[in-house]
>>> print(open('query10.cif').read())   # mmCIF, C-alpha atoms
data_input
loop_
_atom_site.group_PDB
_atom_site.id
_atom_site.type_symbol
_atom_site.label_atom_id
_atom_site.label_comp_id
_atom_site.auth_asym_id
_atom_site.auth_seq_id
_atom_site.Cartn_x
_atom_site.Cartn_y
_atom_site.Cartn_z
ATOM 1 C CA MET A 1 55.139 23.043 -8.504
ATOM 2 C CA SER A 2 57.327 21.079 -10.920
ATOM 3 C CA ASP A 3 57.859 24.135 -13.139
ATOM 4 C CA ILE A 4 59.806 25.912 -10.436
ATOM 5 C CA ALA A 5 61.728 22.938 -9.020
ATOM 6 C CA PRO A 6 62.930 20.830 -11.945
ATOM 7 C CA LYS A 7 64.151 17.301 -11.228
ATOM 8 C CA HIS A 8 67.487 17.828 -12.949
ATOM 9 C CA PHE A 9 69.946 20.561 -13.744
ATOM 10 C CA ARG A 10 69.917 20.466 -17.537
ATOM 11 C CA THR A 11 68.331 23.421 -19.237
ATOM 12 C CA PRO A 12 65.170 22.776 -21.291
ATOM 13 C CA LEU A 13 67.108 23.654 -24.466
ATOM 14 C CA ALA A 14 69.848 21.108 -23.693
ATOM 15 C CA ARG A 15 67.146 18.510 -23.090
ATOM 16 C CA VAL A 16 65.327 19.024 -26.385
ATOM 17 C CA ARG A 17 68.598 18.977 -28.289
ATOM 18 C CA GLY A 18 69.294 15.598 -26.715
ATOM 19 C CA ARG A 19 72.975 15.722 -27.448
ATOM 20 C CA GLY A 20 74.452 15.328 -23.997
ATOM 21 C CA THR A 21 77.907 16.490 -23.039
ATOM 22 C CA ALA A 22 79.610 15.118 -26.167
ATOM 23 C CA ARG A 23 77.614 17.649 -28.255
ATOM 24 C CA SER A 24 78.001 15.513 -31.346
ATOM 25 C CA GLY A 25 74.812 13.571 -30.880
ATOM 26 C CA THR A 26 74.279 9.979 -31.908
ATOM 27 C CA HIS A 27 75.361 10.300 -35.521
ATOM 28 C CA GLU A 28 78.339 7.936 -35.233
ATOM 29 C CA PHE A 29 76.466 5.427 -33.098
ATOM 30 C CA TRP A 30 73.757 5.296 -35.739
ATOM 31 C CA LEU A 31 76.181 5.199 -38.689
ATOM 32 C CA GLN A 32 77.968 2.253 -37.054
ATOM 33 C CA ARG A 33 74.630 0.375 -36.923
ATOM 34 C CA VAL A 34 73.744 1.303 -40.504
ATOM 35 C CA THR A 35 77.110 0.109 -41.800
ATOM 36 C CA SER A 36 76.955 -3.094 -39.743
ATOM 37 C CA VAL A 37 73.511 -3.973 -41.124
ATOM 38 C CA ALA A 38 74.648 -3.172 -44.671
ATOM 39 C CA GLY A 39 77.868 -5.038 -43.998
ATOM 40 C CA ILE A 40 76.158 -8.405 -43.526
ATOM 41 C CA PRO A 41 74.902 -8.935 -47.109
ATOM 42 C CA LEU A 42 77.902 -7.079 -48.548
ATOM 43 C CA THR A 43 80.379 -9.317 -46.697
ATOM 44 C CA ILE A 44 78.584 -12.448 -47.885
ATOM 45 C CA ALA A 45 78.593 -11.064 -51.444
ATOM 46 C CA ALA A 46 82.297 -10.192 -51.193
ATOM 47 C CA PHE A 47 83.078 -13.740 -50.051
ATOM 48 C CA VAL A 48 81.152 -15.166 -53.018
ATOM 49 C CA ILE A 49 83.007 -12.858 -55.426
ATOM 50 C CA ILE A 50 86.441 -13.652 -53.958
ATOM 51 C CA ILE A 51 85.799 -17.414 -54.048
ATOM 52 C CA MET A 52 84.657 -17.037 -57.665
ATOM 53 C CA LEU A 53 87.987 -15.386 -58.499
ATOM 54 C CA LEU A 54 90.290 -17.852 -56.710
ATOM 55 C CA GLY A 55 92.830 -19.473 -58.979
ATOM 56 C CA ARG A 56 91.907 -17.412 -62.034
ATOM 57 C CA ASN A 57 94.536 -15.462 -63.940
ATOM 58 C CA GLN A 58 94.808 -11.677 -63.887
ATOM 59 C CA ALA A 59 92.895 -11.152 -67.126
ATOM 60 C CA ALA A 60 89.911 -13.166 -65.884
ATOM 61 C CA VAL A 61 90.005 -11.516 -62.449
ATOM 62 C CA ALA A 62 90.169 -8.053 -64.023
ATOM 63 C CA GLN A 63 87.271 -8.848 -66.339
ATOM 64 C CA ILE A 64 85.026 -10.202 -63.562
ATOM 65 C CA LEU A 65 85.886 -7.418 -61.082
ATOM 66 C CA GLY A 66 85.125 -4.842 -63.756
ATOM 67 C CA ALA A 67 81.674 -6.244 -64.524
ATOM 68 C CA PRO A 68 79.018 -3.715 -63.454
ATOM 69 C CA LEU A 69 77.247 -5.768 -60.772
ATOM 70 C CA VAL A 70 80.486 -7.099 -59.240
ATOM 71 C CA ALA A 71 82.122 -3.661 -59.322
ATOM 72 C CA ILE A 72 79.148 -1.957 -57.690
ATOM 73 C CA ILE A 73 78.938 -4.602 -54.956
ATOM 74 C CA MET A 74 82.676 -4.277 -54.288
ATOM 75 C CA LEU A 75 82.439 -0.465 -54.205
ATOM 76 C CA LEU A 76 79.580 -0.687 -51.704
ATOM 77 C CA PHE A 77 81.557 -3.226 -49.659
ATOM 78 C CA ILE A 78 84.586 -0.907 -49.593
ATOM 79 C CA ALA A 79 82.582 2.220 -48.731
ATOM 80 C CA CYS A 80 80.683 0.397 -45.994
ATOM 81 C CA THR A 81 83.847 -1.189 -44.554
ATOM 82 C CA VAL A 82 85.851 2.028 -44.533
ATOM 83 C CA ALA A 83 83.078 4.056 -42.895
ATOM 84 C CA HIS A 84 82.600 1.334 -40.268
ATOM 85 C CA MET A 85 86.276 0.864 -39.485
ATOM 86 C CA LYS A 86 86.923 4.587 -39.141
ATOM 87 C CA ILE A 87 84.355 4.839 -36.346
ATOM 88 C CA GLY A 88 85.563 1.586 -34.791
ATOM 89 C CA MET A 89 89.187 2.708 -34.642
ATOM 90 C CA GLN A 90 88.131 6.115 -33.368
ATOM 91 C CA GLU A 91 86.316 4.398 -30.491
ATOM 92 C CA ILE A 92 89.399 2.326 -29.674
ATOM 93 C CA LEU A 93 91.641 5.404 -29.707
ATOM 94 C CA GLU A 94 89.256 7.397 -27.530
ATOM 95 C CA ASP A 95 89.162 4.524 -25.047
ATOM 96 C CA TYR A 96 92.849 3.701 -24.787
ATOM 97 C CA VAL A 97 94.899 6.812 -25.560
ATOM 98 C CA PRO A 98 94.948 9.078 -22.516
ATOM 99 C CA ASP A 99 97.351 11.727 -23.832
ATOM 100 C CA GLU A 100 95.396 14.420 -25.643
ATOM 101 C CA SER A 101 97.911 15.372 -28.334
ATOM 102 C CA THR A 102 98.788 11.728 -29.107
ATOM 103 C CA LYS A 103 95.096 10.970 -29.336
ATOM 104 C CA LEU A 104 94.425 13.837 -31.742
ATOM 105 C CA THR A 105 97.379 12.795 -33.898
ATOM 106 C CA LEU A 106 96.172 9.215 -34.033
ATOM 107 C CA LEU A 107 92.578 10.281 -34.714
ATOM 108 C CA MET A 108 93.807 12.335 -37.638
ATOM 109 C CA SER A 109 95.962 9.451 -38.887
ATOM 110 C CA ASN A 110 92.883 7.238 -38.648
ATOM 111 C CA THR A 111 90.976 9.577 -40.947
ATOM 112 C CA PHE A 112 93.882 9.694 -43.411
ATOM 113 C CA PHE A 113 94.325 5.912 -43.388
ATOM 114 C CA CYS A 114 90.646 5.183 -44.004
ATOM 115 C CA TRP A 115 90.345 7.698 -46.846
ATOM 116 C CA ILE A 116 93.562 6.569 -48.525
ATOM 117 C CA VAL A 117 92.876 2.827 -48.311
ATOM 118 C CA GLY A 118 89.250 3.348 -49.344
ATOM 119 C CA LEU A 119 90.200 5.491 -52.321
ATOM 120 C CA ILE A 120 92.953 3.114 -53.476
ATOM 121 C CA ALA A 121 90.522 0.192 -53.431
ATOM 122 C CA ALA A 122 87.759 2.194 -55.104
ATOM 123 C CA TYR A 123 90.164 3.556 -57.723
ATOM 124 C CA ALA A 124 91.263 0.030 -58.630
ATOM 125 C CA ILE A 125 87.669 -1.110 -59.107
ATOM 126 C CA LEU A 126 86.782 1.949 -61.186
ATOM 127 C CA LYS A 127 89.920 1.505 -63.306
ATOM 128 C CA LEU A 128 88.924 -2.094 -64.018
ATOM 129 C CA SER A 129 85.340 -1.087 -64.742
ATOM 130 C CA PHE A 130 86.116 1.751 -67.103
ATOM 131 C CA GLY A 131 89.024 -0.108 -68.654
ATOM 132 C CA VAL A 132 91.537 2.726 -68.636
ATOM 133 C CA MET B 1 87.786 34.765 -14.237
ATOM 134 C CA ALA B 2 88.547 32.438 -11.365
ATOM 135 C CA GLU B 3 91.225 29.910 -12.098
ATOM 136 C CA THR B 4 89.901 26.440 -12.820
ATOM 137 C CA LYS B 5 91.020 23.785 -10.396
ATOM 138 C CA ALA B 6 93.130 20.895 -11.613
ATOM 139 C CA PRO B 7 91.021 17.724 -11.795
ATOM 140 C CA ALA B 8 91.118 15.751 -8.555
ATOM 141 C CA ALA B 9 92.899 12.403 -8.581
ATOM 142 C CA ARG B 10 89.805 10.279 -8.340
ATOM 143 C CA PRO B 11 90.010 6.509 -7.888
ATOM 144 C CA LEU B 12 89.656 4.584 -11.139
ATOM 145 C CA SER B 13 87.079 1.874 -11.558
ATOM 146 C CA PRO B 14 88.501 -1.655 -11.353
ATOM 147 C CA HIS B 15 89.690 -2.997 -14.675
ATOM 148 C CA LEU B 16 89.964 -6.403 -16.341
ATOM 149 C CA GLN B 17 92.375 -8.073 -13.910
ATOM 150 C CA ILE B 18 89.927 -7.670 -11.024
ATOM 151 C CA TYR B 19 87.146 -9.733 -12.549
ATOM 152 C CA ARG B 20 86.792 -13.473 -13.110
ATOM 153 C CA LEU B 21 87.216 -14.186 -16.791
ATOM 154 C CA THR B 22 83.911 -15.034 -18.509
ATOM 155 C CA LEU B 23 83.133 -16.132 -22.056
ATOM 156 C CA THR B 24 81.020 -13.059 -22.802
ATOM 157 C CA MET B 25 83.870 -10.855 -21.606
ATOM 158 C CA VAL B 26 86.440 -12.611 -23.780
ATOM 159 C CA MET B 27 84.081 -12.423 -26.749
ATOM 160 C CA SER B 28 83.661 -8.708 -26.214
ATOM 161 C CA GLY B 29 87.432 -8.379 -26.414
ATOM 162 C CA PHE B 30 87.564 -10.627 -29.488
ATOM 163 C CA HIS B 31 85.076 -8.394 -31.248
ATOM 164 C CA ARG B 32 87.241 -5.354 -30.742
ATOM 165 C CA ILE B 33 90.499 -7.173 -31.540
ATOM 166 C CA SER B 34 89.054 -8.730 -34.712
ATOM 167 C CA GLY B 35 87.830 -5.286 -35.782
ATOM 168 C CA PHE B 36 91.287 -3.864 -35.092
ATOM 169 C CA CYS B 37 92.935 -6.582 -37.209
ATOM 170 C CA LEU B 38 90.422 -6.171 -40.034
ATOM 171 C CA TYR B 39 91.268 -2.465 -40.108
ATOM 172 C CA PHE B 40 94.800 -3.304 -41.239
ATOM 173 C CA GLY B 41 93.552 -6.243 -43.299
ATOM 174 C CA THR B 42 91.937 -3.741 -45.668
ATOM 175 C CA LEU B 43 95.503 -3.015 -46.844
ATOM 176 C CA LEU B 44 95.525 -6.528 -48.310
ATOM 177 C CA LEU B 45 92.169 -5.935 -49.993
ATOM 178 C CA ALA B 46 93.451 -2.675 -51.485
ATOM 179 C CA TRP B 47 96.670 -4.393 -52.608
ATOM 180 C CA TRP B 48 94.748 -7.252 -54.239
ATOM 181 C CA LEU B 49 92.446 -4.848 -56.123
ATOM 182 C CA MET B 50 95.328 -2.607 -57.228
ATOM 183 C CA ALA B 51 97.288 -5.684 -58.310
ATOM 184 C CA ALA B 52 94.351 -6.868 -60.412
ATOM 185 C CA ALA B 53 94.067 -3.399 -61.951
ATOM 186 C CA SER B 54 97.800 -3.054 -62.579
ATOM 187 C CA GLY B 55 98.335 -6.055 -64.831
ATOM 188 C CA PRO B 56 99.732 -9.614 -64.933
ATOM 189 C CA SER B 57 103.097 -8.936 -63.256
ATOM 190 C CA GLY B 58 101.586 -6.983 -60.378
ATOM 191 C CA TYR B 59 98.972 -9.666 -59.905
ATOM 192 C CA ALA B 60 101.638 -12.360 -59.958
ATOM 193 C CA ARG B 61 103.404 -10.615 -57.052
ATOM 194 C CA PHE B 62 100.192 -10.624 -55.025
ATOM 195 C CA GLU B 63 99.525 -14.258 -55.899
ATOM 196 C CA TRP B 64 103.049 -15.183 -54.827
ATOM 197 C CA PHE B 65 102.434 -13.544 -51.451
ATOM 198 C CA ALA B 66 98.926 -14.980 -51.044
ATOM 199 C CA GLY B 67 100.196 -18.440 -51.908
ATOM 200 C CA SER B 68 103.115 -18.368 -49.484
ATOM 201 C CA ILE B 69 102.776 -19.959 -46.054
ATOM 202 C CA ILE B 70 102.777 -16.606 -44.257
ATOM 203 C CA GLY B 71 100.348 -15.186 -46.807
ATOM 204 C CA ARG B 72 97.992 -18.115 -46.332
ATOM 205 C CA LEU B 73 98.180 -17.817 -42.556
ATOM 206 C CA ILE B 74 97.378 -14.102 -42.752
ATOM 207 C CA LEU B 75 94.516 -14.721 -45.180
ATOM 208 C CA PHE B 76 93.160 -17.513 -42.968
ATOM 209 C CA GLY B 77 93.294 -15.180 -39.977
ATOM 210 C CA TYR B 78 91.687 -12.427 -42.043
ATOM 211 C CA THR B 79 88.871 -14.788 -43.052
ATOM 212 C CA TRP B 80 88.294 -15.821 -39.453
ATOM 213 C CA ALA B 81 88.431 -12.223 -38.180
ATOM 214 C CA LEU B 82 85.941 -11.096 -40.834
ATOM 215 C CA ILE B 83 83.486 -13.933 -40.173
ATOM 216 C CA HIS B 84 83.897 -13.597 -36.414
ATOM 217 C CA HIS B 85 83.364 -9.849 -36.507
ATOM 218 C CA THR B 86 80.318 -10.248 -38.766
ATOM 219 C CA LEU B 87 78.709 -12.825 -36.467
ATOM 220 C CA GLY B 88 79.647 -10.705 -33.447
ATOM 221 C CA GLY B 89 78.002 -7.789 -35.203
ATOM 222 C CA VAL B 90 74.801 -9.787 -35.622
ATOM 223 C CA ARG B 91 74.947 -10.494 -31.881
ATOM 224 C CA HIS B 92 75.295 -6.795 -31.164
ATOM 225 C CA LEU B 93 72.380 -6.001 -33.480
ATOM 226 C CA ILE B 94 70.252 -8.535 -31.584
ATOM 227 C CA TRP B 95 71.237 -6.779 -28.353
ATOM 228 C CA ASP B 96 70.352 -3.418 -29.928
ATOM 229 C CA THR B 97 66.744 -4.601 -30.175
ATOM 230 C CA GLY B 98 66.801 -5.228 -26.423
ATOM 231 C CA ARG B 99 66.820 -9.015 -26.737
ATOM 232 C CA GLY B 100 69.392 -11.651 -25.847
ATOM 233 C CA PHE B 101 70.544 -10.299 -22.497
ATOM 234 C CA GLY B 102 69.293 -13.215 -20.370
ATOM 235 C CA ALA B 103 71.804 -15.349 -18.468
ATOM 236 C CA THR B 104 71.441 -18.361 -20.756
ATOM 237 C CA GLU B 105 70.860 -16.347 -23.939
ATOM 238 C CA ARG B 106 74.037 -14.324 -23.702
ATOM 239 C CA GLU B 107 76.146 -17.418 -22.993
ATOM 240 C CA TRP B 108 74.493 -19.221 -25.890
ATOM 241 C CA LEU B 109 75.029 -16.277 -28.234
ATOM 242 C CA ALA B 110 78.695 -15.992 -27.258
ATOM 243 C CA ALA B 111 79.310 -19.704 -27.812
ATOM 244 C CA ALA B 112 77.378 -19.652 -31.104
ATOM 245 C CA THR B 113 79.456 -16.743 -32.384
ATOM 246 C CA LEU B 114 82.734 -18.488 -31.565
ATOM 247 C CA ILE B 115 81.799 -21.963 -32.820
ATOM 248 C CA GLY B 116 79.938 -20.519 -35.819
ATOM 249 C CA SER B 117 82.901 -18.392 -36.868
ATOM 250 C CA ILE B 118 85.366 -21.289 -36.668
ATOM 251 C CA VAL B 119 83.068 -23.686 -38.566
ATOM 252 C CA LEU B 120 82.230 -21.098 -41.239
ATOM 253 C CA THR B 121 85.900 -20.174 -41.712
ATOM 254 C CA VAL B 122 86.815 -23.805 -42.329
ATOM 255 C CA VAL B 123 83.819 -24.224 -44.664
ATOM 256 C CA VAL B 124 84.808 -21.122 -46.659
ATOM 257 C CA TRP B 125 88.393 -22.378 -47.006
ATOM 258 C CA VAL B 126 87.273 -25.860 -48.060
ATOM 259 C CA ILE B 127 85.013 -24.270 -50.701
ATOM 260 C CA GLY B 128 87.921 -22.031 -51.679
ATOM 261 C CA TYR B 129 90.264 -24.977 -52.156
ATOM 262 C CA PHE B 130 87.656 -26.794 -54.250
ATOM 263 C CA ALA B 131 87.162 -23.636 -56.325
ATOM 264 C CA MET B 132 90.912 -23.436 -56.941
ATOM 265 C CA GLY B 133 91.151 -27.132 -57.774
ATOM 266 C CA GLY B 134 88.599 -26.812 -60.567
ATOM 267 C CA SER B 135 89.763 -26.598 -64.177
ATOM 268 C CA ARG B 136 90.559 -23.021 -64.947
#
>>> encode(input="query10.cif", output="structure tokens")
Amino acid sequence: MSDIAPKHFRTPLARVRGRGTARSGTHEFWLQRVTSVAGIPLTIAAFVIIIMLLGRNQAAVAQILGAPLVAIIMLLFIACTVAHMKIGMQEILEDYVPDESTKLTLLMSNTFFCWIVGLIAAYAILKLSFGV
Amino acid sequence: MAETKAPAARPLSPHLQIYRLTLTMVMSGFHRISGFCLYFGTLLLAWWLMAAASGPSGYARFEWFAGSIIGRLILFGYTWALIHHTLGGVRHLIWDTGRGFGATEREWLAAATLIGSIVLTVVVWVIGYFAMGGSR
């Protein structure tokens, strides 16, 4: 009678939710894969753009970076990078920082850092694009 | 409510110093370290973009830094870290499909990532120098 004597101790509800003890599910695992797949073409594109801009003066760089296609690619590259690196750093912190309050502080700093750097980079691109 | 017991001092699993160093192990570390470095490298990206948006004098400051010996070393390291992490990411995506775990495959993939990243970094910099040498 398998109904009466289950093979494991998890409740049926916990099993269908499939979230395990972390309770947060696989969202970050999946997002890290999504951003790594997206990161491949975006990194190649970013390299092409940066090489194109080498040795040019500020006016030329500003004009090229502000061009719609270049700006959109760079914005995607920044968004993808920042999302990816936030999860990556979070994983490092969770692995190596044993003290709970230090860990929480660093996790919060990680969030701040990623948002600030991402927004600065995105702001610069948008400023160049909209020419203000 | 009964008081919860303090967690028992359980033995920890053996860490790095116990094992013989292998290429796949070192490459696993490289992937994390390169990701860690790239994290702070985004500051340079943000600086470059803000400099371009700020005007000629701001851009000149960035160019001065990027052209200095330390700046070039950092940018070379950044290039290598980015290419290495990207190739390492491809390796991880291959593993995610369940392939590439065989004894020869994983060694081959590790070596290919390392050699590929070094070769590609040099190629990118050679192209970069040619791009800068052109009439602008």
>>> interface_residues(input="query10.cif", of="chain A", to="chain B", cutoff="7 Å", atoms="all atoms listed in the file", output="number ranges by chain")
A: 36, 40, 51, 54-56, 58, 61-62, 85, 89, 117, 120-121, 124-125, 127-128
>>> atom_distance(input="query10.cif", atom1="atom CA of His31 of chain B", atom2="atom CA of Glu91 of chain A")
12.9 Å
>>> resolve_selection(input="query10.cif", expression="the PyMOL selection byres ((chain B and resi 118) around 12)", output="number ranges by chain")
B: 76-77, 79-85, 87, 111-117, 119-125
>>> atom_distance(input="query10.cif", atom1="atom CA of Phe47 of chain A", atom2="atom CA of Tyr78 of chain B")
11.8 Å
>>> atom_distance(input="query10.cif", atom1="atom CA of Ile87 of chain A", atom2="atom CA of Thr35 of chain A")
10.2 Å
>>> closest_residue(input="query10.cif", among="A:Pro12, A:Thr26, A:Phe113, A:Thr43", to="Ile78 of chain A", atoms="only C-alpha atoms")
A:Thr43
>>> resolve_selection(input="query10.cif", expression="the PyMOL selection byres ((chain A and resi 74) around 10)", output="MDAnalysis selection string")
(chainID A and resid 42:43 45:46 49 65:66 68:73 75:80 121:122 125) or (chainID B and resid 49)
>>> closest_residue(input="query10.cif", among="A:Ile50, A:Ser101, A:Tyr96, A:Lys86", to="Ile116 of chain A", atoms="only C-alpha atoms")
A:Lys86
>>> decode(input="query10.cif", residues="segment 28-58 of chain B", atoms="N, CA and C atoms", output="PDB file, in the first residue's frame")
ATOM      1  N   SER B  28      37.398  25.606 -13.106  1.00  0.00           N
ATOM      2  CA  SER B  28      36.180  25.949 -12.365  1.00  0.00           C
ATOM      3  C   SER B  28      36.442  27.197 -11.518  1.00  0.00           C
ATOM      4  N   GLY B  29      37.620  27.214 -10.886  1.00  0.00           N
ATOM      5  CA  GLY B  29      37.997  28.379 -10.093  1.00  0.00           C
ATOM      6  C   GLY B  29      38.167  29.613 -10.961  1.00  0.00           C
ATOM      7  N   PHE B  30      38.799  29.437 -12.114  1.00  0.00           N
ATOM      8  CA  PHE B  30      39.009  30.549 -13.056  1.00  0.00           C
ATOM      9  C   PHE B  30      37.681  31.170 -13.471  1.00  0.00           C
ATOM     10  N   HIS B  31      36.689  30.318 -13.666  1.00  0.00           N
ATOM     11  CA  HIS B  31      35.392  30.825 -14.112  1.00  0.00           C
ATOM     12  C   HIS B  31      34.806  31.765 -13.065  1.00  0.00           C
ATOM     13  N   ARG B  32      34.906  31.343 -11.824  1.00  0.00           N
ATOM     14  CA  ARG B  32      34.371  32.167 -10.743  1.00  0.00           C
ATOM     15  C   ARG B  32      35.209  33.439 -10.560  1.00  0.00           C
ATOM     16  N   ILE B  33      36.541  33.275 -10.597  1.00  0.00           N
ATOM     17  CA  ILE B  33      37.418  34.438 -10.393  1.00  0.00           C
ATOM     18  C   ILE B  33      37.251  35.436 -11.537  1.00  0.00           C
ATOM     19  N   SER B  34      37.151  34.945 -12.776  1.00  0.00           N
ATOM     20  CA  SER B  34      36.974  35.864 -13.906  1.00  0.00           C
ATOM     21  C   SER B  34      35.641  36.596 -13.782  1.00  0.00           C
ATOM     22  N   GLY B  35      34.606  35.884 -13.327  1.00  0.00           N
ATOM     23  CA  GLY B  35      33.307  36.523 -13.120  1.00  0.00           C
ATOM     24  C   GLY B  35      33.390  37.599 -12.051  1.00  0.00           C
ATOM     25  N   PHE B  36      34.132  37.288 -10.987  1.00  0.00           N
ATOM     26  CA  PHE B  36      34.328  38.230  -9.881  1.00  0.00           C
ATOM     27  C   PHE B  36      35.038  39.496 -10.373  1.00  0.00           C
ATOM     28  N   CYS B  37      36.068  39.311 -11.198  1.00  0.00           N
ATOM     29  CA  CYS B  37      36.817  40.461 -11.728  1.00  0.00           C
ATOM     30  C   CYS B  37      35.954  41.280 -12.686  1.00  0.00           C
ATOM     31  N   LEU B  38      35.183  40.587 -13.520  1.00  0.00           N
ATOM     32  CA  LEU B  38      34.326  41.286 -14.480  1.00  0.00           C
ATOM     33  C   LEU B  38      33.290  42.153 -13.774  1.00  0.00           C
ATOM     34  N   TYR B  39      32.858  41.681 -12.613  1.00  0.00           N
ATOM     35  CA  TYR B  39      31.887  42.415 -11.791  1.00  0.00           C
ATOM     36  C   TYR B  39      32.392  43.836 -11.556  1.00  0.00           C
ATOM     37  N   PHE B  40      33.675  43.936 -11.132  1.00  0.00           N
ATOM     38  CA  PHE B  40      34.233  45.262 -10.872  1.00  0.00           C
ATOM     39  C   PHE B  40      34.676  45.949 -12.161  1.00  0.00           C
ATOM     40  N   GLY B  41      34.926  45.150 -13.193  1.00  0.00           N
ATOM     41  CA  GLY B  41      35.278  45.708 -14.499  1.00  0.00           C
ATOM     42  C   GLY B  41      34.146  46.539 -15.103  1.00  0.00           C
ATOM     43  N   THR B  42      32.897  46.248 -14.688  1.00  0.00           N
ATOM     44  CA  THR B  42      31.780  47.023 -15.218  1.00  0.00           C
ATOM     45  C   THR B  42      31.892  48.499 -14.820  1.00  0.00           C
ATOM     46  N   LEU B  43      32.662  48.770 -13.735  1.00  0.00           N
ATOM     47  CA  LEU B  43      32.910  50.168 -13.358  1.00  0.00           C
ATOM     48  C   LEU B  43      33.622  50.904 -14.490  1.00  0.00           C
ATOM     49  N   LEU B  44      34.555  50.202 -15.149  1.00  0.00           N
ATOM     50  CA  LEU B  44      35.277  50.802 -16.271  1.00  0.00           C
ATOM     51  C   LEU B  44      34.331  51.069 -17.440  1.00  0.00           C
ATOM     52  N   LEU B  45      33.456  50.093 -17.697  1.00  0.00           N
ATOM     53  CA  LEU B  45      32.473  50.252 -18.777  1.00  0.00           C
ATOM     54  C   LEU B  45      31.586  51.461 -18.511  1.00  0.00           C
ATOM     55  N   ALA B  46      31.117  51.568 -17.249  1.00  0.00           N
ATOM     56  CA  ALA B  46      30.250  52.694 -16.881  1.00  0.00           C
ATOM     57  C   ALA B  46      31.016  54.015 -16.993  1.00  0.00           C
ATOM     58  N   TRP B  47      32.286  54.013 -16.583  1.00  0.00           N
ATOM     59  CA  TRP B  47      33.109  55.215 -16.669  1.00  0.00           C
ATOM     60  C   TRP B  47      33.285  55.624 -18.127  1.00  0.00           C
ATOM     61  N   TRP B  48      33.621  54.648 -18.973  1.00  0.00           N
ATOM     62  CA  TRP B  48      33.824  54.937 -20.403  1.00  0.00           C
ATOM     63  C   TRP B  48      32.566  55.556 -21.021  1.00  0.00           C
ATOM     64  N   LEU B  49      31.397  54.948 -20.725  1.00  0.00           N
ATOM     65  CA  LEU B  49      30.145  55.446 -21.314  1.00  0.00           C
ATOM     66  C   LEU B  49      29.803  56.837 -20.777  1.00  0.00           C
ATOM     67  N   MET B  50      30.004  57.044 -19.465  1.00  0.00           N
ATOM     68  CA  MET B  50      29.724  58.366 -18.896  1.00  0.00           C
ATOM     69  C   MET B  50      30.689  59.402 -19.460  1.00  0.00           C
ATOM     70  N   ALA B  51      31.952  58.992 -19.654  1.00  0.00           N
ATOM     71  CA  ALA B  51      32.947  59.904 -20.213  1.00  0.00           C
ATOM     72  C   ALA B  51      32.545  60.329 -21.619  1.00  0.00           C
ATOM     73  N   ALA B  52      32.081  59.350 -22.412  1.00  0.00           N
ATOM     74  CA  ALA B  52      31.655  59.659 -23.779  1.00  0.00           C
ATOM     75  C   ALA B  52      30.460  60.601 -23.768  1.00  0.00           C
ATOM     76  N   ALA B  53      29.573  60.411 -22.769  1.00  0.00           N
ATOM     77  CA  ALA B  53      28.373  61.249 -22.689  1.00  0.00           C
ATOM     78  C   ALA B  53      28.664  62.624 -22.110  1.00  0.00           C
ATOM     79  N   SER B  54      29.791  62.740 -21.369  1.00  0.00           N
ATOM     80  CA  SER B  54      30.042  63.998 -20.663  1.00  0.00           C
ATOM     81  C   SER B  54      30.700  65.069 -21.543  1.00  0.00           C
ATOM     82  N   GLY B  55      31.453  64.645 -22.534  1.00  0.00           N
ATOM     83  CA  GLY B  55      32.088  65.636 -23.399  1.00  0.00           C
ATOM     84  C   GLY B  55      33.575  65.381 -23.597  1.00  0.00           C
ATOM     85  N   PRO B  56      34.235  66.232 -24.411  1.00  0.00           N
ATOM     86  CA  PRO B  56      35.631  65.991 -24.797  1.00  0.00           C
ATOM     87  C   PRO B  56      36.606  65.894 -23.618  1.00  0.00           C
ATOM     88  N   SER B  57      36.447  66.766 -22.598  1.00  0.00           N
ATOM     89  CA  SER B  57      37.445  66.748 -21.521  1.00  0.00           C
ATOM     90  C   SER B  57      37.305  65.490 -20.660  1.00  0.00           C
ATOM     91  N   GLY B  58      36.076  65.102 -20.402  1.00  0.00           N
ATOM     92  CA  GLY B  58      35.834  63.875 -19.641  1.00  0.00           C
ATOM     93  C   GLY B  58      36.344  62.660 -20.393  1.00  0.00           C
TER      94      GLY B  58
END
